[in-house]
Amino acid sequence: MAFNHKHILGTEYLSREDIQLILDTAESFREINTRSIKKVPTLRGKTIINAFFENSTRTRLSFEIAGKRLSADTVNISGSASSVTKGETLEDTARNIEVMHPDIIVIRHGHSGAPHYLAERLNCSVINAGDGAHEHPSQALLDILTMRQHKGKIDGLKVAIVGDIAHSRVVRSNLYALNKMGADVHLAGPGTMMPSGIERLGATVHYDIRAAVKDADVVMMLRIQLERQGMTLLPTLREYARFFGLNDDVLKLAKADAIVMHPGPMNRGVEISSAVADGPQNVILGQVENGVAVRMALLYLVSGGEQAVE
């Protein structure tokens, strides 16, 4: 099956077949990450710019590792070290980068729609590494790969996502992708963190964590994104932990073989207890490991996927 996307801007624009191809390609790359020499010549001669205008650990590092393991030349730019701090517009920055002839720009930006804006104006491929509260497609894809590895399928799974739904780009990307793959998605969070009309994206909404987690196959917890909130939406973090934190008692409501996920960074004692975060049902580090393989797959596929993996 051919991959007919020049850009990866969001899971909203990917078909079920596209997602399946990305997951299968990522599986083939996972083996490379276990070799003693973790490098293949697949993208030799390609140049990848990682332009991160927001702080990041896992996403930025895994995109950099992914490019290098495919033998691409990777260059990293941060917002604080770019001419944006001197008043240059994002478009002018990107156009100056483009005349240096990169093949792919991976961008994380605080404004929703920034990757789409660049994709309409630049000739190189653009991959969205997170834009505002809009989407985070590579995170959703690595989440689904992790679910598939542990459950063998996505169709029919009950997936509970709990936390700051309103400000989470991870939620939106997962909603689009999980619905296309046949999952039954349940959201839970305080009313102040639940956007109106989110049901239209294909989710059952709860305001009680227990209702969402009951009989779930997958429980995904989200942190409170204080950096995206214009005001405090809860009286205290202690109260939030009491009503929406995942602890052993709440987790017992899920299926006995349920897995616990978190896109990171975790706030232990707030949305997830340390007992659960370190417990036998958590697959959080597996998500991080899968992030490298998924991002290798995305870089490979938008580059044309022409050279065989060796």
# chains A, B, ... in the order shown; residues from 1 in each chain; ligands from 1

$ residues_around --residues "A:Leu251" --least-positions-apart "3" --cutoff "12 Å" --atoms "only C-alpha atoms" --output "MDAnalysis selection string"
chainID A and resid 160 209:221 244:248 254:261 272:273 275:277 279:282

$ write_last_selection --atoms "C-alpha atoms" --output "CSV table (one decimal), in the first residue's frame"
chain,number,residue,atom,x,y,z
A,160,ALA,CA,-10.8,5.5,29.0
A,209,ILE,CA,-13.6,8.7,36.7
A,210,ARG,CA,-15.2,5.5,38.0
A,211,ALA,CA,-17.8,5.4,35.2
A,212,ALA,CA,-15.1,5.9,32.6
A,213,VAL,CA,-12.7,3.3,34.0
A,214,LYS,CA,-15.3,0.6,34.7
A,215,ASP,CA,-14.6,-2.4,32.5
A,216,ALA,CA,-12.0,-0.5,30.5
A,217,ASP,CA,-9.2,-2.3,28.5
A,218,VAL,CA,-7.0,0.8,28.5
A,219,VAL,CA,-6.8,3.6,31.0
A,220,MET,CA,-4.9,6.7,29.8
A,221,MET,CA,-4.3,9.5,32.3
A,244,PHE,CA,-9.9,12.3,39.2
A,245,GLY,CA,-6.7,10.7,40.2
A,246,LEU,CA,-6.0,7.1,39.3
A,247,ASN,CA,-5.2,4.9,42.3
A,248,ASP,CA,-5.4,1.2,43.0
A,254,ALA,CA,-11.1,-1.7,35.0
A,255,LYS,CA,-10.6,-5.2,33.5
A,256,ALA,CA,-8.1,-7.3,35.3
A,257,ASP,CA,-5.7,-7.2,32.4
A,258,ALA,CA,-6.2,-3.5,31.7
A,259,ILE,CA,-3.1,-1.5,30.8
A,260,VAL,CA,-2.3,2.0,32.2
A,261,MET,CA,-0.9,4.7,29.9
A,272,ILE,CA,-1.8,9.2,38.9
A,273,SER,CA,-0.6,7.6,42.1
A,275,ALA,CA,1.6,2.8,43.1
A,276,VAL,CA,-0.2,2.7,39.8
A,277,ALA,CA,2.6,4.5,37.9
A,279,GLY,CA,2.7,-1.0,39.1
A,280,PRO,CA,2.5,-4.1,36.9
A,281,GLN,CA,-0.3,-2.7,34.6
A,282,ASN,CA,1.6,0.4,33.5

$ select_by_dssp --residues "stretch 118-239 of chain A" --states "helix (DSSP H, G or I)" --output "ChimeraX atom specification"
/A:118-119,137-151,169-180,191-193,198-201,209-213,226-228,237-239

$ residues_around --residues "A:Ala188" --least-positions-apart "4" --cutoff "8 Å" --atoms "only C-alpha atoms" --output "PDB file with N, CA and C atoms, in the first residue's frame"
ATOM      1  N   ALA A 160     -10.431   4.398  28.129  1.00  0.00           N
ATOM      2  CA  ALA A 160     -10.808   5.524  28.991  1.00  0.00           C
ATOM      3  C   ALA A 160      -9.665   6.522  29.028  1.00  0.00           C
ATOM      4  N   ILE A 161      -9.971   7.782  28.729  1.00  0.00           N
ATOM      5  CA  ILE A 161      -8.982   8.861  28.792  1.00  0.00           C
ATOM      6  C   ILE A 161      -9.476   9.867  29.825  1.00  0.00           C
ATOM      7  N   VAL A 162      -8.658  10.123  30.839  1.00  0.00           N
ATOM      8  CA  VAL A 162      -9.113  10.893  31.999  1.00  0.00           C
ATOM      9  C   VAL A 162      -8.170  12.061  32.266  1.00  0.00           C
ATOM     10  N   GLY A 163      -8.756  13.232  32.512  1.00  0.00           N
ATOM     11  CA  GLY A 163      -7.922  14.367  32.901  1.00  0.00           C
ATOM     12  C   GLY A 163      -8.367  15.668  32.279  1.00  0.00           C
ATOM     13  N   ILE A 165      -9.137  17.322  29.562  1.00  0.00           N
ATOM     14  CA  ILE A 165      -9.538  17.047  28.176  1.00  0.00           C
ATOM     15  C   ILE A 165      -9.497  18.321  27.331  1.00  0.00           C
ATOM     16  N   MET A 194     -13.791  19.979  30.418  1.00  0.00           N
ATOM     17  CA  MET A 194     -14.437  19.165  29.391  1.00  0.00           C
ATOM     18  C   MET A 194     -15.065  20.100  28.351  1.00  0.00           C
ATOM     19  N   VAL A 205     -18.911  10.843  27.223  1.00  0.00           N
ATOM     20  CA  VAL A 205     -18.370  11.764  28.223  1.00  0.00           C
ATOM     21  C   VAL A 205     -18.899  11.428  29.613  1.00  0.00           C
ATOM     22  N   HIS A 206     -17.988  11.422  30.586  1.00  0.00           N
ATOM     23  CA  HIS A 206     -18.344  11.191  31.990  1.00  0.00           C
ATOM     24  C   HIS A 206     -17.726  12.306  32.837  1.00  0.00           C
ATOM     25  N   TYR A 207     -18.351  12.561  33.967  1.00  0.00           N
ATOM     26  CA  TYR A 207     -17.785  13.502  34.932  1.00  0.00           C
ATOM     27  C   TYR A 207     -17.418  12.776  36.223  1.00  0.00           C
ATOM     28  N   ASP A 208     -17.283  11.474  36.097  1.00  0.00           N
ATOM     29  CA  ASP A 208     -16.891  10.605  37.206  1.00  0.00           C
ATOM     30  C   ASP A 208     -15.875   9.605  36.655  1.00  0.00           C
ATOM     31  N   ILE A 209     -14.674   9.612  37.197  1.00  0.00           N
ATOM     32  CA  ILE A 209     -13.617   8.736  36.694  1.00  0.00           C
ATOM     33  C   ILE A 209     -14.029   7.270  36.778  1.00  0.00           C
ATOM     34  N   ALA A 212     -15.976   6.026  33.751  1.00  0.00           N
ATOM     35  CA  ALA A 212     -15.148   5.879  32.553  1.00  0.00           C
ATOM     36  C   ALA A 212     -14.257   4.657  32.631  1.00  0.00           C
TER      37      ALA A 212
END

$ atom_distance --atom1 "atom CA of A:Asn50" --atom2 "atom CA of A:Ile8"
14.0 Å

$ select_by_dssp --residues "stretch 96-229 of chain A" --states "strand (DSSP E)" --output "ChimeraX atom specification"
/A:104-109,125-131,158-162,184-188,204-206,218-221

$ closest_atom_pairs --of "stretch 167-280 of chain A" --to "stretch 13-33 of chain A" --cutoff "8 Å" --atoms "only C-alpha atoms" --output "CSV"
residue,atom,partner,partner_atom,distance
A:Ala177,CA,A:Ile19,CA,7.6
A:Lys180,CA,A:Arg16,CA,5.5
A:Met181,CA,A:Arg16,CA,6.1

$ residues_around --residues "A:Ser56" --least-positions-apart "6" --cutoff "12 Å" --atoms "only C-alpha atoms" --output "list in words"
Asn50, Ser62, Phe63, Glu64, Ser78, Gly79, Ile107, Arg108, His109, Gly110, Ala129, Gly130, Pro263, Gly264 and Pro265 of chain A

$ closest_residue --among "A:Glu199, A:Asp155, A:Gln287, A:Leu122" --to "A:Asn96" --atoms "only C-alpha atoms"
A:Leu122

$ atom_distance --atom1 "atom CA of A:His186" --atom2 "atom CA of A:Thr204"
4.7 Å

$ closest_residue --among "A:Ala66, A:Val171, A:Val106, A:Met1" --to "A:Ile48" --atoms "only C-alpha atoms"
A:Val106

$ closest_residue --among "A:Lys39, A:Arg95, A:Arg172, A:His262" --to "A:Glu12" --atoms "only C-alpha atoms"
A:Arg172

$ atom_distance --atom1 "atom CA of A:Glu98" --atom2 "atom CA of A:Lys86"
19.2 Å

$ residues_around --residues "A:Val185" --least-positions-apart "4" --cutoff "8 Å" --atoms "only C-alpha atoms" --output "short mmCIF file (atom, residue, chain, number, x, y, z; two decimals) with C-alpha atoms, in the first residue's frame"
data_model
loop_
_atom_site.label_atom_id
_atom_site.label_comp_id
_atom_site.auth_asym_id
_atom_site.auth_seq_id
_atom_site.Cartn_x
_atom_site.Cartn_y
_atom_site.Cartn_z
CA LYS A 158 -12.84 0.29 25.66
CA VAL A 159 -10.35 3.11 26.08
CA ALA A 160 -10.81 5.52 28.99
CA ILE A 161 -8.98 8.86 28.79
CA LEU A 175 -10.02 10.44 19.36
CA LEU A 178 -9.05 5.41 17.83
CA ASN A 179 -12.48 5.94 16.30
CA GLY A 202 -16.87 10.20 18.84
CA ALA A 203 -16.62 9.80 22.60
CA THR A 204 -18.81 9.05 25.61
#

$ closest_residue --among "A:Arg268, A:Arg69, A:Lys252, A:Arg121" --to "A:Asp92" --atoms "only C-alpha atoms"
A:Arg121

$ residues_around --residues "A:Ile65" --least-positions-apart "3" --cutoff "10 Å" --atoms "only C-alpha atoms" --output "list in words"
Asn33, Lys38, Lys39, Thr59, Arg60, Leu61, Ser62, Lys68, Arg69, Leu70, Ser71, Ala72, Thr74, Val292, Ala293, Arg295 and Met296 of chain A

$ write_last_selection --atoms "all heavy atoms" --output "tab-separated table (two decimals), in the first residue's frame"
chain	number	residue	atom	x	y	z
A	33	ASN	N	15.99	-0.80	16.67
A	33	ASN	CA	16.31	-0.17	17.95
A	33	ASN	C	16.88	-1.14	18.97
A	33	ASN	O	17.32	-0.71	20.04
A	33	ASN	CB	15.05	0.51	18.51
A	33	ASN	CG	14.62	1.69	17.65
A	33	ASN	OD1	15.45	2.41	17.12
A	33	ASN	ND2	13.32	1.87	17.50
A	38	LYS	N	22.64	0.59	15.93
A	38	LYS	CA	21.26	1.02	15.70
A	38	LYS	C	21.19	2.05	14.57
A	38	LYS	O	20.79	3.19	14.77
A	38	LYS	CB	20.67	1.60	16.98
A	38	LYS	CG	20.69	0.64	18.16
A	38	LYS	CD	20.27	1.31	19.44
A	38	LYS	CE	20.29	0.37	20.62
A	38	LYS	NZ	21.67	-0.09	20.94
A	39	LYS	N	21.55	1.62	13.38
A	39	LYS	CA	21.54	2.57	12.26
A	39	LYS	C	21.37	1.81	10.95
A	39	LYS	O	21.95	0.74	10.75
A	39	LYS	CB	22.84	3.37	12.23
A	39	LYS	CG	22.85	4.52	11.20
A	39	LYS	CD	24.14	5.30	11.27
A	39	LYS	CE	24.19	6.25	12.44
A	39	LYS	NZ	23.36	7.45	12.24
A	59	THR	N	9.33	13.89	22.89
A	59	THR	CA	9.04	14.05	21.46
A	59	THR	C	10.27	14.53	20.71
A	59	THR	O	10.63	13.99	19.66
A	59	THR	CB	7.87	15.02	21.26
A	59	THR	OG1	6.73	14.55	21.99
A	59	THR	CG2	7.51	15.13	19.78
A	60	ARG	N	10.92	15.56	21.24
A	60	ARG	CA	12.09	16.11	20.55
A	60	ARG	C	13.22	15.08	20.47
A	60	ARG	O	13.82	14.88	19.40
A	60	ARG	CB	12.58	17.37	21.26
A	60	ARG	CG	13.83	17.95	20.63
A	60	ARG	CD	14.18	19.29	21.23
A	60	ARG	NE	15.40	19.82	20.64
A	60	ARG	CZ	15.81	21.07	20.79
A	60	ARG	NH1	15.10	21.92	21.49
A	60	ARG	NH2	16.92	21.49	20.23
A	61	LEU	N	13.50	14.44	21.58
A	61	LEU	CA	14.60	13.47	21.60
A	61	LEU	C	14.32	12.29	20.68
A	61	LEU	O	15.21	11.82	19.95
A	61	LEU	CB	14.83	13.00	23.03
A	61	LEU	CG	16.04	12.07	23.26
A	61	LEU	CD1	17.33	12.74	22.81
A	61	LEU	CD2	16.11	11.68	24.72
A	62	SER	N	13.07	11.80	20.68
A	62	SER	CA	12.77	10.63	19.86
A	62	SER	C	12.76	10.96	18.38
A	62	SER	O	13.17	10.13	17.55
A	62	SER	CB	11.45	9.98	20.28
A	62	SER	OG	10.37	10.87	20.13
A	68	LYS	N	18.42	10.10	13.14
A	68	LYS	CA	19.80	9.63	13.13
A	68	LYS	C	19.89	8.13	12.89
A	68	LYS	O	20.82	7.65	12.23
A	68	LYS	CB	20.49	10.02	14.43
A	68	LYS	CG	20.76	11.52	14.53
A	68	LYS	CD	21.46	11.91	15.80
A	68	LYS	CE	21.80	13.40	15.80
A	68	LYS	NZ	22.48	13.85	17.04
A	69	ARG	N	18.95	7.38	13.41
A	69	ARG	CA	18.98	5.93	13.19
A	69	ARG	C	18.64	5.57	11.75
A	69	ARG	O	18.99	4.48	11.28
A	69	ARG	CB	18.04	5.24	14.17
A	69	ARG	CG	18.62	5.27	15.57
A	69	ARG	CD	17.89	4.44	16.59
A	69	ARG	NE	18.60	4.54	17.87
A	69	ARG	CZ	18.10	4.18	19.04
A	69	ARG	NH1	16.88	3.67	19.11
A	69	ARG	NH2	18.82	4.29	20.13
A	70	LEU	N	18.00	6.49	11.05
A	70	LEU	CA	17.74	6.28	9.61
A	70	LEU	C	18.83	6.92	8.76
A	70	LEU	O	18.71	6.98	7.54
A	70	LEU	CB	16.37	6.87	9.24
A	70	LEU	CG	15.17	6.16	9.88
A	70	LEU	CD1	13.89	6.94	9.60
A	70	LEU	CD2	15.04	4.73	9.36
A	71	SER	N	19.89	7.42	9.39
A	71	SER	CA	21.07	8.01	8.73
A	71	SER	C	20.81	9.36	8.09
A	71	SER	O	21.58	9.80	7.24
A	71	SER	CB	21.65	7.04	7.69
A	71	SER	OG	22.12	5.86	8.31
A	72	ALA	N	19.74	10.04	8.49
A	72	ALA	CA	19.50	11.39	8.00
A	72	ALA	C	20.38	12.38	8.75
A	72	ALA	O	20.84	12.12	9.87
A	72	ALA	CB	18.03	11.76	8.18
A	74	THR	N	20.34	15.46	10.90
A	74	THR	CA	19.33	16.12	11.72
A	74	THR	C	19.91	17.37	12.36
A	74	THR	O	21.04	17.38	12.85
A	74	THR	CB	18.80	15.19	12.82
A	74	THR	OG1	19.87	14.81	13.68
A	74	THR	CG2	18.19	13.93	12.21
A	292	VAL	N	10.07	6.16	19.32
A	292	VAL	CA	11.18	6.21	18.36
A	292	VAL	C	10.79	5.46	17.08
A	292	VAL	O	10.98	5.97	15.97
A	292	VAL	CB	12.46	5.62	18.97
A	292	VAL	CG1	13.58	5.59	17.92
A	292	VAL	CG2	12.90	6.43	20.17
A	293	ALA	N	10.22	4.27	17.22
A	293	ALA	CA	9.84	3.48	16.05
A	293	ALA	C	8.76	4.17	15.22
A	293	ALA	O	8.82	4.18	13.98
A	293	ALA	CB	9.36	2.10	16.49
A	295	ARG	N	8.13	7.39	15.04
A	295	ARG	CA	8.67	8.58	14.38
A	295	ARG	C	9.64	8.21	13.26
A	295	ARG	O	9.73	8.93	12.26
A	295	ARG	CB	9.29	9.50	15.43
A	295	ARG	CG	8.17	10.23	16.20
A	295	ARG	CD	8.46	10.62	17.61
A	295	ARG	NE	7.26	11.21	18.20
A	295	ARG	CZ	6.93	11.14	19.48
A	295	ARG	NH1	7.73	10.50	20.33
A	295	ARG	NH2	5.82	11.69	19.92
A	296	MET	N	10.33	7.08	13.39
A	296	MET	CA	11.11	6.56	12.26
A	296	MET	C	10.18	6.26	11.09
A	296	MET	O	10.48	6.59	9.94
A	296	MET	CB	11.86	5.29	12.69
A	296	MET	CG	13.02	5.54	13.64
A	296	MET	SD	13.74	4.00	14.30
A	296	MET	CE	14.63	3.42	12.85

$ closest_residue --among "A:Ala166, A:Gly152, A:Leu222, A:Tyr300" --to "A:Val40" --atoms "only C-alpha atoms"
A:Tyr300

$ residues_around --residues "stretch 136-146 of chain A" --least-positions-apart "5" --cutoff "7 Å" --atoms "only C-alpha atoms" --output "list in words"
Gly10, Thr11, Leu23, Asn128, Ala129, Gly130, Asp131, Arg169, Val170, Ser173, Asn174, Gly286, Gln287, Asn290, Gly291, Val294 and Arg295 of chain A

$ closest_residue --among "A:Ala183, A:Leu234, A:Ile37, A:Ile104" --to "A:Leu157" --atoms "only C-alpha atoms"
A:Ala183
